[in-house]
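One file, query09.cif, carrying mmCIF, C-alpha atoms:
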```cif
data_upload
#
loop_
_atom_site.group_PDB
_atom_site.id
_atom_site.type_symbol
_atom_site.label_atom_id
_atom_site.label_comp_id
_atom_site.auth_asym_id
_atom_site.auth_seq_id
_atom_site.Cartn_x
_atom_site.Cartn_y
_atom_site.Cartn_z
ATOM 1 C CA MET F 17 0.000 0.000 0.000
ATOM 2 C CA SER F 18 1.478 3.351 -0.956
ATOM 3 C CA ILE F 19 1.598 6.143 1.596
ATOM 4 C CA GLU F 20 0.520 9.581 0.445
ATOM 5 C CA ILE F 21 2.449 12.620 1.664
ATOM 6 C CA ASN F 22 0.468 15.863 1.761
ATOM 7 C CA LYS F 23 1.786 19.401 2.004
ATOM 8 C CA LEU F 24 -0.280 20.847 4.856
ATOM 9 C CA LYS F 25 -2.036 24.186 4.515
ATOM 10 C CA VAL F 26 -2.473 26.500 7.489
ATOM 11 C CA ASN F 27 -6.123 26.370 8.476
ATOM 12 C CA TYR F 28 -8.178 25.841 11.609
ATOM 13 C CA LYS F 29 -8.584 22.110 10.973
ATOM 14 C CA THR F 30 -4.837 21.525 10.577
ATOM 15 C CA LEU F 31 -4.009 23.606 13.647
ATOM 16 C CA GLU F 32 -6.543 21.637 15.669
ATOM 17 C CA GLU F 33 -4.919 18.368 14.520
ATOM 18 C CA PHE F 34 -1.478 19.702 15.501
ATOM 19 C CA LYS F 35 -2.581 19.812 19.151
ATOM 20 C CA LYS F 36 -2.407 16.002 19.249
ATOM 21 C CA PHE F 37 1.328 16.036 18.631
ATOM 22 C CA LYS F 38 3.818 16.235 21.480
ATOM 23 C CA GLU F 39 6.119 18.723 19.808
ATOM 24 C CA TYR F 40 3.592 21.560 19.835
ATOM 25 C CA GLY F 41 5.299 24.870 20.508
ATOM 26 C CA ILE F 42 5.513 28.552 19.666
ATOM 27 C CA GLN F 43 5.665 27.794 15.946
ATOM 28 C CA GLU F 44 2.095 26.437 16.067
ATOM 29 C CA LEU F 45 0.927 29.172 18.463
ATOM 30 C CA SER F 46 2.349 31.785 16.116
ATOM 31 C CA MET F 47 0.539 30.203 13.134
ATOM 32 C CA SER F 48 -2.737 30.218 15.111
ATOM 33 C CA GLU F 49 -2.356 33.850 16.093
ATOM 34 C CA ASP F 50 -1.483 34.916 12.552
ATOM 35 C CA LEU F 51 -4.529 33.100 11.196
ATOM 36 C CA GLU F 52 -6.862 34.588 13.797
ATOM 37 C CA ALA F 53 -5.485 38.087 13.252
ATOM 38 C CA ASN F 54 -5.832 37.711 9.469
ATOM 39 C CA ILE F 55 -2.080 38.257 9.098
ATOM 40 C CA ILE F 56 -2.099 35.102 7.018
ATOM 41 C CA GLU F 57 -4.988 33.727 4.997
ATOM 42 C CA ASN F 58 -6.798 30.477 5.575
ATOM 43 C CA ASP F 59 -5.030 27.709 3.566
ATOM 44 C CA SER F 60 -1.709 29.576 3.432
ATOM 45 C CA GLU F 61 1.492 27.655 2.742
ATOM 46 C CA SER F 62 3.152 25.947 5.700
ATOM 47 C CA PRO F 63 6.465 24.126 6.141
ATOM 48 C CA PHE F 64 4.589 20.984 7.264
ATOM 49 C CA TYR F 65 4.036 17.728 5.427
ATOM 50 C CA GLY F 66 1.756 15.068 6.784
ATOM 51 C CA ILE F 67 0.079 11.700 6.348
ATOM 52 C CA TYR F 68 -3.654 11.166 6.850
ATOM 53 C CA PHE F 69 -5.400 8.009 7.967
ATOM 54 C CA GLY F 70 -8.919 8.624 6.729
ATOM 55 C CA ASP F 71 -9.383 12.322 7.499
ATOM 56 C CA LYS F 72 -7.176 12.210 10.587
ATOM 57 C CA LEU F 73 -3.620 13.595 10.542
ATOM 58 C CA VAL F 74 -1.451 10.826 12.034
ATOM 59 C CA ALA F 75 2.109 11.857 11.114
ATOM 60 C CA ARG F 76 3.854 15.101 10.300
ATOM 61 C CA MET F 77 7.200 16.809 9.839
ATOM 62 C CA SER F 78 8.387 20.332 9.198
ATOM 63 C CA VAL F 79 10.913 20.932 6.410
ATOM 64 C CA TYR F 80 12.693 24.190 5.645
ATOM 65 C CA GLN F 81 15.265 25.013 2.988
ATOM 66 C CA VAL F 82 18.171 26.758 4.711
ATOM 67 C CA ASN F 83 20.075 29.212 2.545
ATOM 68 C CA ALA F 84 23.643 28.232 1.628
ATOM 69 C CA LYS F 85 24.981 31.322 3.398
ATOM 70 C CA TYR F 86 23.960 29.793 6.740
ATOM 71 C CA ASN F 87 25.393 26.371 5.852
ATOM 72 C CA ARG F 88 27.933 25.317 8.501
ATOM 73 C CA TYR F 89 27.379 21.571 8.060
ATOM 74 C CA PHE F 90 28.078 20.601 4.447
ATOM 75 C CA GLU F 91 30.725 20.981 1.757
ATOM 76 C CA PRO F 92 30.329 22.445 -0.772
ATOM 77 C CA PRO F 93 28.166 25.042 1.058
ATOM 78 C CA VAL F 94 24.916 24.392 -0.810
ATOM 79 C CA ASP F 95 21.359 25.017 0.375
ATOM 80 C CA TYR F 96 20.231 22.239 2.688
ATOM 81 C CA LEU F 97 17.010 21.033 4.311
ATOM 82 C CA GLU F 98 16.319 21.173 8.017
ATOM 83 C CA ILE F 99 13.737 18.670 9.309
ATOM 84 C CA TRP F 100 12.079 19.123 12.684
ATOM 85 C CA LYS F 101 8.953 17.894 14.452
ATOM 86 C CA LEU F 102 8.975 14.537 12.678
ATOM 87 C CA GLU F 103 6.380 12.693 14.717
ATOM 88 C CA VAL F 104 3.951 9.819 14.276
ATOM 89 C CA LEU F 105 1.023 9.547 16.713
ATOM 90 C CA PRO F 106 1.654 6.600 19.080
ATOM 91 C CA GLU F 107 -1.118 4.311 17.840
ATOM 92 C CA TYR F 108 0.062 4.724 14.223
ATOM 93 C CA GLN F 109 3.738 3.942 14.780
ATOM 94 C CA GLY F 110 5.471 0.953 13.180
ATOM 95 C CA LYS F 111 3.609 1.313 9.875
ATOM 96 C CA GLY F 112 6.390 3.026 7.937
ATOM 97 C CA TYR F 113 4.922 6.550 8.165
ATOM 98 C CA GLY F 114 8.068 8.103 9.654
ATOM 99 C CA THR F 115 10.219 6.369 7.053
ATOM 100 C CA ALA F 116 7.930 7.575 4.260
ATOM 101 C CA LEU F 117 8.253 11.191 5.430
ATOM 102 C CA VAL F 118 12.065 11.044 5.608
ATOM 103 C CA GLU F 119 12.308 9.301 2.207
ATOM 104 C CA PHE F 120 10.105 12.051 0.799
ATOM 105 C CA ALA F 121 12.514 14.702 2.124
ATOM 106 C CA LYS F 122 15.498 12.812 0.681
ATOM 107 C CA GLY F 123 13.749 12.943 -2.689
ATOM 108 C CA PHE F 124 14.656 16.644 -2.946
ATOM 109 C CA LYS F 125 18.283 15.486 -3.440
ATOM 110 C CA MET F 126 19.619 18.053 -0.980
ATOM 111 C CA PRO F 127 21.622 17.418 2.179
ATOM 112 C CA ILE F 128 19.497 17.222 5.314
ATOM 113 C CA LYS F 129 20.138 18.174 8.931
ATOM 114 C CA THR F 130 17.967 17.350 11.923
ATOM 115 C CA ASN F 131 18.308 17.737 15.691
ATOM 116 C CA PRO F 132 16.190 14.877 16.975
ATOM 117 C CA ARG F 133 15.151 13.813 20.427
ATOM 118 C CA ILE F 134 17.892 11.535 21.674
ATOM 119 C CA LYS F 135 15.539 8.573 21.925
ATOM 120 C CA SER F 136 14.874 8.610 18.176
ATOM 121 C CA ARG F 137 18.546 8.134 17.261
ATOM 122 C CA SER F 138 18.208 4.499 16.137
ATOM 123 C CA PHE F 139 15.427 5.469 13.736
ATOM 124 C CA TRP F 140 17.570 8.164 12.140
ATOM 125 C CA GLU F 141 20.567 5.859 11.879
ATOM 126 C CA LYS F 142 18.400 3.312 10.082
ATOM 127 C CA MET F 143 17.526 6.124 7.669
ATOM 128 C CA GLY F 144 21.224 6.679 6.900
ATOM 129 C CA PHE F 145 21.768 9.734 9.094
ATOM 130 C CA GLN F 146 24.959 10.117 11.118
ATOM 131 C CA SER F 147 26.160 12.313 13.974
ATOM 132 C CA VAL F 148 28.181 15.385 13.085
ATOM 133 C CA ASN F 149 31.533 15.992 14.715
ATOM 134 C CA TYR F 150 30.350 18.092 17.653
ATOM 135 C CA ASP F 151 31.471 21.723 17.579
ATOM 136 C CA MET F 152 30.328 23.723 20.592
ATOM 137 C CA ASP F 153 30.460 27.101 18.890
ATOM 138 C CA ARG F 154 28.069 25.808 16.223
ATOM 139 C CA ASP F 155 26.069 23.072 17.922
ATOM 140 C CA LEU F 156 25.632 24.337 21.510
ATOM 141 C CA GLY F 157 22.958 22.061 23.024
ATOM 142 C CA GLU F 158 22.063 20.291 19.780
ATOM 143 C CA ASN F 159 22.713 16.676 18.794
ATOM 144 C CA PRO F 160 22.696 17.164 15.016
ATOM 145 C CA LEU F 161 22.366 14.278 12.618
ATOM 146 C CA ILE F 162 22.994 14.724 8.920
ATOM 147 C CA TRP F 163 22.432 12.919 5.647
ATOM 148 C CA HIS F 164 23.894 13.903 2.316
ATOM 149 C CA PRO F 165 23.462 12.811 -1.289
ATOM 150 C CA ASP F 166 26.476 11.937 -3.458
ATOM 151 C CA GLY F 167 28.698 14.907 -4.203
ATOM 152 C CA VAL F 168 28.192 16.569 -0.807
ATOM 153 C CA LYS F 169 30.069 15.756 2.393
ATOM 154 C CA GLU F 170 30.246 16.886 6.006
ATOM 155 C CA ALA F 171 32.015 20.225 6.469
ATOM 156 C CA LYS F 172 35.166 20.270 8.566
ATOM 157 C CA VAL F 173 34.798 22.260 11.778
ATOM 158 C CA MET X 1 21.829 27.989 53.338
ATOM 159 C CA SER X 2 23.803 29.356 50.423
ATOM 160 C CA ILE X 3 24.177 27.275 47.285
ATOM 161 C CA GLU X 4 27.630 27.066 45.766
ATOM 162 C CA ILE X 5 27.984 27.132 41.966
ATOM 163 C CA ASN X 6 31.103 25.398 40.619
ATOM 164 C CA LYS X 7 32.643 25.713 37.174
ATOM 165 C CA LEU X 8 33.075 22.084 36.130
ATOM 166 C CA LYS X 9 36.367 20.819 34.735
ATOM 167 C CA VAL X 10 36.494 18.078 32.116
ATOM 168 C CA ASN X 11 37.723 14.935 33.840
ATOM 169 C CA TYR X 12 36.699 11.315 34.170
ATOM 170 C CA LYS X 13 34.771 11.906 37.400
ATOM 171 C CA THR X 14 32.696 14.753 35.931
ATOM 172 C CA LEU X 15 31.966 12.805 32.753
ATOM 173 C CA GLU X 16 30.846 9.834 34.805
ATOM 174 C CA GLU X 17 28.498 12.107 36.800
ATOM 175 C CA PHE X 18 27.076 13.526 33.545
ATOM 176 C CA LYS X 19 25.707 10.072 32.656
ATOM 177 C CA LYS X 20 23.054 10.504 35.361
ATOM 178 C CA PHE X 21 21.511 13.442 33.517
ATOM 179 C CA LYS X 22 18.796 12.957 30.905
ATOM 180 C CA GLU X 23 20.200 15.458 28.458
ATOM 181 C CA TYR X 24 23.341 13.477 27.721
ATOM 182 C CA GLY X 25 24.287 13.764 24.059
ATOM 183 C CA ILE X 26 27.072 14.144 21.537
ATOM 184 C CA GLN X 27 28.538 17.079 23.448
ATOM 185 C CA GLU X 28 29.402 14.761 26.364
ATOM 186 C CA LEU X 29 30.481 11.932 24.051
ATOM 187 C CA SER X 30 32.783 14.327 22.243
ATOM 188 C CA MET X 31 34.287 15.507 25.554
ATOM 189 C CA SER X 32 34.872 11.868 26.587
ATOM 190 C CA GLU X 33 36.557 11.013 23.297
ATOM 191 C CA ASP X 34 38.752 14.101 23.395
ATOM 192 C CA LEU X 35 39.842 13.270 26.939
ATOM 193 C CA GLU X 36 40.594 9.635 26.112
ATOM 194 C CA ALA X 37 42.496 10.589 22.955
ATOM 195 C CA ASN X 38 44.514 13.192 24.890
ATOM 196 C CA ILE X 39 43.167 15.896 22.557
ATOM 197 C CA ILE X 40 42.235 17.767 25.714
ATOM 198 C CA GLU X 41 43.909 17.494 29.101
ATOM 199 C CA ASN X 42 42.366 16.204 32.290
ATOM 200 C CA ASP X 43 40.746 19.159 34.128
ATOM 201 C CA SER X 44 40.367 21.263 30.987
ATOM 202 C CA GLU X 45 37.838 24.090 30.906
ATOM 203 C CA SER X 46 34.245 23.176 30.132
ATOM 204 C CA PRO X 47 31.102 25.253 29.500
ATOM 205 C CA PHE X 48 29.363 23.520 32.426
ATOM 206 C CA TYR X 49 28.495 24.858 35.848
ATOM 207 C CA GLY X 50 27.146 22.615 38.568
ATOM 208 C CA ILE X 51 26.019 22.180 42.148
ATOM 209 C CA TYR X 52 27.291 19.396 44.418
ATOM 210 C CA PHE X 53 25.488 17.737 47.283
ATOM 211 C CA GLY X 54 28.366 16.261 49.223
ATOM 212 C CA ASP X 55 30.621 14.998 46.428
ATOM 213 C CA LYS X 56 27.727 14.179 44.115
ATOM 214 C CA LEU X 57 26.856 16.422 41.169
ATOM 215 C CA VAL X 58 23.102 17.046 41.454
ATOM 216 C CA ALA X 59 22.462 19.983 39.086
ATOM 217 C CA ARG X 60 24.178 21.388 36.045
ATOM 218 C CA MET X 61 23.852 23.770 33.108
ATOM 219 C CA SER X 62 25.931 24.665 30.090
ATOM 220 C CA VAL X 63 26.577 28.344 29.328
ATOM 221 C CA TYR X 64 28.240 29.743 26.232
ATOM 222 C CA GLN X 65 28.943 33.336 25.224
ATOM 223 C CA VAL X 66 27.666 33.799 21.661
ATOM 224 C CA ASN X 67 29.501 36.410 19.639
ATOM 225 C CA ALA X 68 27.541 39.557 18.771
ATOM 226 C CA LYS X 69 27.935 38.820 15.052
ATOM 227 C CA TYR X 70 25.600 35.816 15.458
ATOM 228 C CA ASN X 71 23.102 37.789 17.549
ATOM 229 C CA ARG X 72 19.652 37.610 15.924
ATOM 230 C CA TYR X 73 17.699 37.966 19.172
ATOM 231 C CA PHE X 74 18.677 41.210 20.897
ATOM 232 C CA GLU X 75 19.066 44.915 20.200
ATOM 233 C CA PRO X 76 21.615 46.375 20.305
ATOM 234 C CA PRO X 77 23.444 43.313 18.864
ATOM 235 C CA VAL X 78 25.690 42.608 21.843
ATOM 236 C CA ASP X 79 27.269 39.313 22.879
ATOM 237 C CA TYR X 80 24.740 37.138 24.678
ATOM 238 C CA LEU X 81 24.690 33.929 26.711
ATOM 239 C CA GLU X 82 23.091 30.703 25.552
ATOM 240 C CA ILE X 83 22.055 28.304 28.343
ATOM 241 C CA TRP X 84 21.332 24.652 27.618
ATOM 242 C CA LYS X 85 21.133 21.395 29.564
ATOM 243 C CA LEU X 86 19.894 23.085 32.719
ATOM 244 C CA GLU X 87 18.873 20.045 34.723
ATOM 245 C CA VAL X 88 18.448 19.065 38.364
ATOM 246 C CA LEU X 89 18.423 15.351 39.235
ATOM 247 C CA PRO X 90 14.840 14.324 40.163
ATOM 248 C CA GLU X 91 15.424 13.642 43.861
ATOM 249 C CA TYR X 92 17.073 17.064 44.309
ATOM 250 C CA GLN X 93 14.387 19.177 42.662
ATOM 251 C CA GLY X 94 12.403 21.819 44.544
ATOM 252 C CA LYS X 95 15.412 22.997 46.561
ATOM 253 C CA GLY X 96 16.188 26.095 44.503
ATOM 254 C CA TYR X 97 19.145 24.594 42.618
ATOM 255 C CA GLY X 98 17.750 25.406 39.162
ATOM 256 C CA THR X 99 16.934 28.939 40.281
ATOM 257 C CA ALA X 100 20.431 29.375 41.709
ATOM 258 C CA LEU X 101 22.020 28.340 38.395
ATOM 259 C CA VAL X 102 19.893 30.743 36.343
ATOM 260 C CA GLU X 103 20.480 33.605 38.812
ATOM 261 C CA PHE X 104 24.197 32.900 38.523
ATOM 262 C CA ALA X 105 23.984 33.245 34.724
ATOM 263 C CA LYS X 106 22.001 36.476 35.043
ATOM 264 C CA GLY X 107 24.845 37.801 37.195
ATOM 265 C CA PHE X 108 26.989 38.216 34.062
ATOM 266 C CA LYS X 109 24.611 41.098 33.116
ATOM 267 C CA MET X 110 24.293 39.884 29.540
ATOM 268 C CA PRO X 111 21.120 38.938 27.684
ATOM 269 C CA ILE X 112 20.343 35.231 27.788
ATOM 270 C CA LYS X 113 18.664 32.872 25.332
ATOM 271 C CA THR X 114 17.581 29.311 25.982
ATOM 272 C CA ASN X 115 15.586 26.702 24.061
ATOM 273 C CA PRO X 116 14.069 24.636 26.846
ATOM 274 C CA ARG X 117 11.987 21.505 26.871
ATOM 275 C CA ILE X 118 8.393 22.638 26.575
ATOM 276 C CA LYS X 119 7.491 21.226 29.980
ATOM 277 C CA SER X 120 9.917 23.549 31.770
ATOM 278 C CA ARG X 121 8.242 26.711 30.447
ATOM 279 C CA SER X 122 6.628 27.705 33.764
ATOM 280 C CA PHE X 123 10.007 27.544 35.511
ATOM 281 C CA TRP X 124 11.573 29.859 32.938
ATOM 282 C CA GLU X 125 8.665 32.294 33.114
ATOM 283 C CA LYS X 126 9.069 32.447 36.879
ATOM 284 C CA MET X 127 12.712 33.355 36.216
ATOM 285 C CA GLY X 128 11.614 36.315 34.054
ATOM 286 C CA PHE X 129 12.151 34.729 30.650
ATOM 287 C CA GLN X 130 9.665 35.297 27.818
ATOM 288 C CA SER X 131 8.950 33.742 24.438
ATOM 289 C CA VAL X 132 10.437 35.413 21.399
ATOM 290 C CA ASN X 133 8.228 36.353 18.480
ATOM 291 C CA TYR X 134 8.602 33.176 16.438
ATOM 292 C CA ASP X 135 10.469 33.591 13.156
ATOM 293 C CA MET X 136 10.737 30.392 11.139
ATOM 294 C CA ASP X 137 13.835 31.369 9.207
ATOM 295 C CA ARG X 138 15.666 31.917 12.513
ATOM 296 C CA ASP X 139 13.926 29.626 14.987
ATOM 297 C CA LEU X 140 13.028 26.523 12.908
ATOM 298 C CA GLY X 141 12.044 23.886 15.489
ATOM 299 C CA GLU X 142 13.117 25.882 18.538
ATOM 300 C CA ASN X 143 10.933 27.441 21.238
ATOM 301 C CA PRO X 144 13.329 30.155 22.339
ATOM 302 C CA LEU X 145 12.923 32.027 25.598
ATOM 303 C CA ILE X 146 14.923 35.146 26.346
ATOM 304 C CA TRP X 147 15.803 37.384 29.239
ATOM 305 C CA HIS X 148 17.553 40.715 28.985
ATOM 306 C CA PRO X 149 19.020 43.211 31.424
ATOM 307 C CA ASP X 150 18.089 46.905 31.256
ATOM 308 C CA GLY X 151 19.330 48.616 28.117
ATOM 309 C CA VAL X 152 18.824 45.608 25.853
ATOM 310 C CA LYS X 153 15.571 44.551 24.188
ATOM 311 C CA GLU X 154 14.255 41.870 21.856
ATOM 312 C CA ALA X 155 15.322 42.347 18.254
ATOM 313 C CA LYS X 156 12.571 42.878 15.669
ATOM 314 C CA VAL X 157 12.308 40.042 13.150
#
```
What is this file in structure tokens?
Amino acid sequence: MSIEINKLKVNYKTLEEFKKFKEYGIQELSMSEDLEANIIENDSESPFYGIYFGDKLVARMSVYQVNAKYNRYFEPPVDYLEIWKLEVLPEYQGKGYGTALVEFAKGFKMPIKTNPRIKSRSFWEKMGFQSVNYDMDRDLGENPLIWHPDGVKEAKV
Amino acid sequence: MSIEINKLKVNYKTLEEFKKFKEYGIQELSMSEDLEANIIENDSESPFYGIYFGDKLVARMSVYQVNAKYNRYFEPPVDYLEIWKLEVLPEYQGKGYGTALVEFAKGFKMPIKTNPRIKSRSFWEKMGFQSVNYDMDRDLGENPLIWHPDGVKEAKV
């Protein structure tokens, strides 16, 4: 069975679904406020992709293209993707939804960085991600994991 | 009773104590490897401060001075402190150790940024920290909280 990845629009239904996810923070609160204040329109673009089971959102991730000028992780210093808030609702785990989301992101053929919860490390390693060489000045409290397509490698720090 | 804040040196005893803390990640692994490979000396400087109960480390935080050129949070764009891995071992919570560490950091009279676990938000608010105005390009998956001394304010995004 193929898994369909949807780019999520900002609307009241999506924001209500987001409340079920653990990693709900000021990003979502800011989206809610902007929608309510008409700063952004209903069904505006968002950085979120998700998977529905019926009409219920059961998995999501946020993906953002970071400009090459801020690239401190990869050589050559190309644009890269940052993934955060990759999360599958507990009762829908183990069905390949997380894998499908990460494979979708890899499909953009750009290097990827993420700073996952420590407990998800084995998942990311299975997906081909590896720890960076820790650099305090750059990484501070992060535990970054990276993946890169052919032709790109980890930057020296 | 006054609480004594110690600057922690990198040595085998400290690194062993760090294993008791939940937020143990590649920063600590990197310190261990550097110590074992003699890349850094025993009792080298570290960014960690801690509180002992007897000879047991029961609370810690990491503090790093971020150069003004990377300042995207405060105006004027001065150097600021980033705090991470503020943590008190469960059986020692509620004794003011976390508060003492944050007050110690405030004593440097520089603005402070942290990106705490969501569940610790009420603690940080009690300490006078407030949410930034979320900016995706800058904050990505973070939920930054800031505090600033007189004369410094939040930067517009």
Contact check, chain X to chain F, at most 7 Å, counting all atoms listed in the file, closest pairs as a tab-separated table:
```
residue	atom	partner	partner_atom	distance
X:Gly25	CA	F:Asn159	CA	6.2
X:Ile26	CA	F:Asn159	CA	5.7
X:Gln27	CA	F:Tyr150	CA	6.2
X:Ser30	CA	F:Tyr150	CA	6.4
X:Trp84	CA	F:Gly157	CA	5.5
X:Lys85	CA	F:Gly157	CA	6.8
X:Tyr134	CA	F:Gln43	CA	6.2
X:Gly141	CA	F:Trp100	CA	5.5
X:Asn143	CA	F:Ile42	CA	5.8
```
Quiz item: What residues come out when you apply the PyMOL selection byres ((chain X and resi 100-107) around 8) to this file, written as a count of residues only?
Solution: 17
Transformed chain X, reference chain F, in-order C-alpha pairing, as a short mmCIF file (atom, residue, chain, number, x, y, z; two decimals) with C-alpha atoms, in the coordinates of the input:
```cif
data_model
loop_
_atom_site.label_atom_id
_atom_site.label_comp_id
_atom_site.auth_asym_id
_atom_site.auth_seq_id
_atom_site.Cartn_x
_atom_site.Cartn_y
_atom_site.Cartn_z
CA MET X 1 -0.08 0.01 0.04
CA SER X 2 1.42 3.33 -0.94
CA ILE X 3 1.57 6.13 1.60
CA GLU X 4 0.51 9.57 0.45
CA ILE X 5 2.46 12.61 1.66
CA ASN X 6 0.46 15.86 1.75
CA LYS X 7 1.77 19.40 2.00
CA LEU X 8 -0.28 20.85 4.85
CA LYS X 9 -2.03 24.19 4.52
CA VAL X 10 -2.48 26.51 7.49
CA ASN X 11 -6.13 26.38 8.48
CA TYR X 12 -8.19 25.84 11.60
CA LYS X 13 -8.59 22.10 10.98
CA THR X 14 -4.84 21.52 10.57
CA LEU X 15 -4.01 23.60 13.64
CA GLU X 16 -6.54 21.65 15.67
CA GLU X 17 -4.93 18.37 14.51
CA PHE X 18 -1.48 19.70 15.49
CA LYS X 19 -2.58 19.82 19.15
CA LYS X 20 -2.42 16.01 19.25
CA PHE X 21 1.32 16.05 18.62
CA LYS X 22 3.82 16.24 21.48
CA GLU X 23 6.10 18.72 19.80
CA TYR X 24 3.59 21.55 19.82
CA GLY X 25 5.31 24.87 20.50
CA ILE X 26 5.53 28.54 19.66
CA GLN X 27 5.67 27.79 15.94
CA GLU X 28 2.10 26.44 16.06
CA LEU X 29 0.94 29.17 18.46
CA SER X 30 2.35 31.78 16.11
CA MET X 31 0.55 30.19 13.13
CA SER X 32 -2.73 30.20 15.11
CA GLU X 33 -2.35 33.84 16.09
CA ASP X 34 -1.48 34.90 12.55
CA LEU X 35 -4.53 33.08 11.21
CA GLU X 36 -6.87 34.57 13.81
CA ALA X 37 -5.47 38.07 13.27
CA ASN X 38 -5.84 37.70 9.48
CA ILE X 39 -2.08 38.25 9.12
CA ILE X 40 -2.09 35.10 7.03
CA GLU X 41 -4.99 33.72 5.01
CA ASN X 42 -6.81 30.47 5.58
CA ASP X 43 -5.03 27.72 3.58
CA SER X 44 -1.72 29.58 3.43
CA GLU X 45 1.49 27.66 2.76
CA SER X 46 3.14 25.96 5.71
CA PRO X 47 6.46 24.13 6.14
CA PHE X 48 4.60 20.99 7.26
CA TYR X 49 4.05 17.73 5.42
CA GLY X 50 1.75 15.06 6.78
CA ILE X 51 0.08 11.70 6.35
CA TYR X 52 -3.66 11.15 6.84
CA PHE X 53 -5.41 8.01 7.96
CA GLY X 54 -8.92 8.63 6.72
CA ASP X 55 -9.38 12.33 7.50
CA LYS X 56 -7.18 12.22 10.58
CA LEU X 57 -3.63 13.59 10.53
CA VAL X 58 -1.46 10.83 12.02
CA ALA X 59 2.11 11.85 11.11
CA ARG X 60 3.84 15.10 10.29
CA MET X 61 7.20 16.81 9.84
CA SER X 62 8.38 20.33 9.19
CA VAL X 63 10.91 20.93 6.40
CA TYR X 64 12.69 24.18 5.64
CA GLN X 65 15.27 25.02 2.98
CA VAL X 66 18.18 26.77 4.71
CA ASN X 67 20.08 29.21 2.54
CA ALA X 68 23.64 28.22 1.62
CA LYS X 69 25.00 31.32 3.38
CA TYR X 70 23.97 29.79 6.74
CA ASN X 71 25.41 26.38 5.84
CA ARG X 72 27.94 25.32 8.50
CA TYR X 73 27.39 21.58 8.06
CA PHE X 74 28.09 20.60 4.45
CA GLU X 75 30.73 20.99 1.76
CA PRO X 76 30.34 22.44 -0.77
CA PRO X 77 28.17 25.05 1.05
CA VAL X 78 24.92 24.40 -0.81
CA ASP X 79 21.37 25.02 0.37
CA TYR X 80 20.23 22.24 2.68
CA LEU X 81 17.01 21.04 4.31
CA GLU X 82 16.32 21.18 8.02
CA ILE X 83 13.73 18.68 9.30
CA TRP X 84 12.08 19.12 12.68
CA LYS X 85 8.95 17.89 14.46
CA LEU X 86 8.97 14.55 12.67
CA GLU X 87 6.38 12.71 14.71
CA VAL X 88 3.95 9.83 14.27
CA LEU X 89 1.02 9.56 16.71
CA PRO X 90 1.66 6.60 19.08
CA GLU X 91 -1.12 4.32 17.84
CA TYR X 92 0.06 4.72 14.23
CA GLN X 93 3.73 3.94 14.77
CA GLY X 94 5.46 0.95 13.18
CA LYS X 95 3.60 1.32 9.87
CA GLY X 96 6.39 3.03 7.94
CA TYR X 97 4.92 6.55 8.15
CA GLY X 98 8.07 8.10 9.65
CA THR X 99 10.21 6.36 7.05
CA ALA X 100 7.93 7.57 4.25
CA LEU X 101 8.26 11.19 5.42
CA VAL X 102 12.06 11.05 5.60
CA GLU X 103 12.30 9.30 2.20
CA PHE X 104 10.10 12.05 0.79
CA ALA X 105 12.52 14.70 2.12
CA LYS X 106 15.50 12.81 0.69
CA GLY X 107 13.74 12.95 -2.68
CA PHE X 108 14.65 16.65 -2.97
CA LYS X 109 18.29 15.48 -3.43
CA MET X 110 19.61 18.05 -0.98
CA PRO X 111 21.62 17.42 2.18
CA ILE X 112 19.50 17.22 5.32
CA LYS X 113 20.14 18.18 8.93
CA THR X 114 17.97 17.36 11.92
CA ASN X 115 18.32 17.74 15.69
CA PRO X 116 16.19 14.89 16.98
CA ARG X 117 15.16 13.82 20.44
CA ILE X 118 17.91 11.54 21.69
CA LYS X 119 15.56 8.57 21.92
CA SER X 120 14.89 8.60 18.18
CA ARG X 121 18.56 8.14 17.26
CA SER X 122 18.22 4.51 16.14
CA PHE X 123 15.43 5.46 13.73
CA TRP X 124 17.58 8.16 12.14
CA GLU X 125 20.58 5.85 11.86
CA LYS X 126 18.41 3.31 10.08
CA MET X 127 17.52 6.12 7.66
CA GLY X 128 21.23 6.68 6.90
CA PHE X 129 21.77 9.73 9.09
CA GLN X 130 24.97 10.13 11.12
CA SER X 131 26.16 12.33 13.97
CA VAL X 132 28.17 15.39 13.08
CA ASN X 133 31.52 16.00 14.72
CA TYR X 134 30.35 18.09 17.66
CA ASP X 135 31.47 21.72 17.59
CA MET X 136 30.32 23.73 20.59
CA ASP X 137 30.45 27.11 18.91
CA ARG X 138 28.07 25.82 16.22
CA ASP X 139 26.08 23.07 17.92
CA LEU X 140 25.62 24.35 21.52
CA GLY X 141 22.96 22.06 23.02
CA GLU X 142 22.06 20.29 19.78
CA ASN X 143 22.73 16.68 18.78
CA PRO X 144 22.70 17.16 15.03
CA LEU X 145 22.36 14.28 12.61
CA ILE X 146 23.00 14.72 8.91
CA TRP X 147 22.44 12.92 5.66
CA HIS X 148 23.90 13.91 2.32
CA PRO X 149 23.46 12.81 -1.27
CA ASP X 150 26.48 11.93 -3.44
CA GLY X 151 28.70 14.90 -4.18
CA VAL X 152 28.21 16.56 -0.80
CA LYS X 153 30.08 15.75 2.41
CA GLU X 154 30.26 16.90 6.02
CA ALA X 155 32.00 20.23 6.47
CA LYS X 156 35.18 20.27 8.58
CA VAL X 157 34.81 22.26 11.80
#
```
Quiz item: Nearest to Leu81 of chain X: which of X:Lys20, X:Lys153, X:Lys113, X:Arg121 is it, counting only C-alpha atoms?
Solution: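 The shortest atom-to-atom distance to Leu81 of chain X comes from X:Lys113.
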Quiz item: Which is closest to Phe37 of chain F among F:Leu73, F:Lys172, F:Lys142, F:Tyr68, if we use only C-alpha atoms?
Solution: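 Closest candidate: F:Leu73.
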Exercise. Using all atoms listed in the file, find the one residue out of X:Ile51, X:Leu86, X:Val58, X:Ala68 that sits nearest to Phe123 of chain X.
Key: X:Leu86
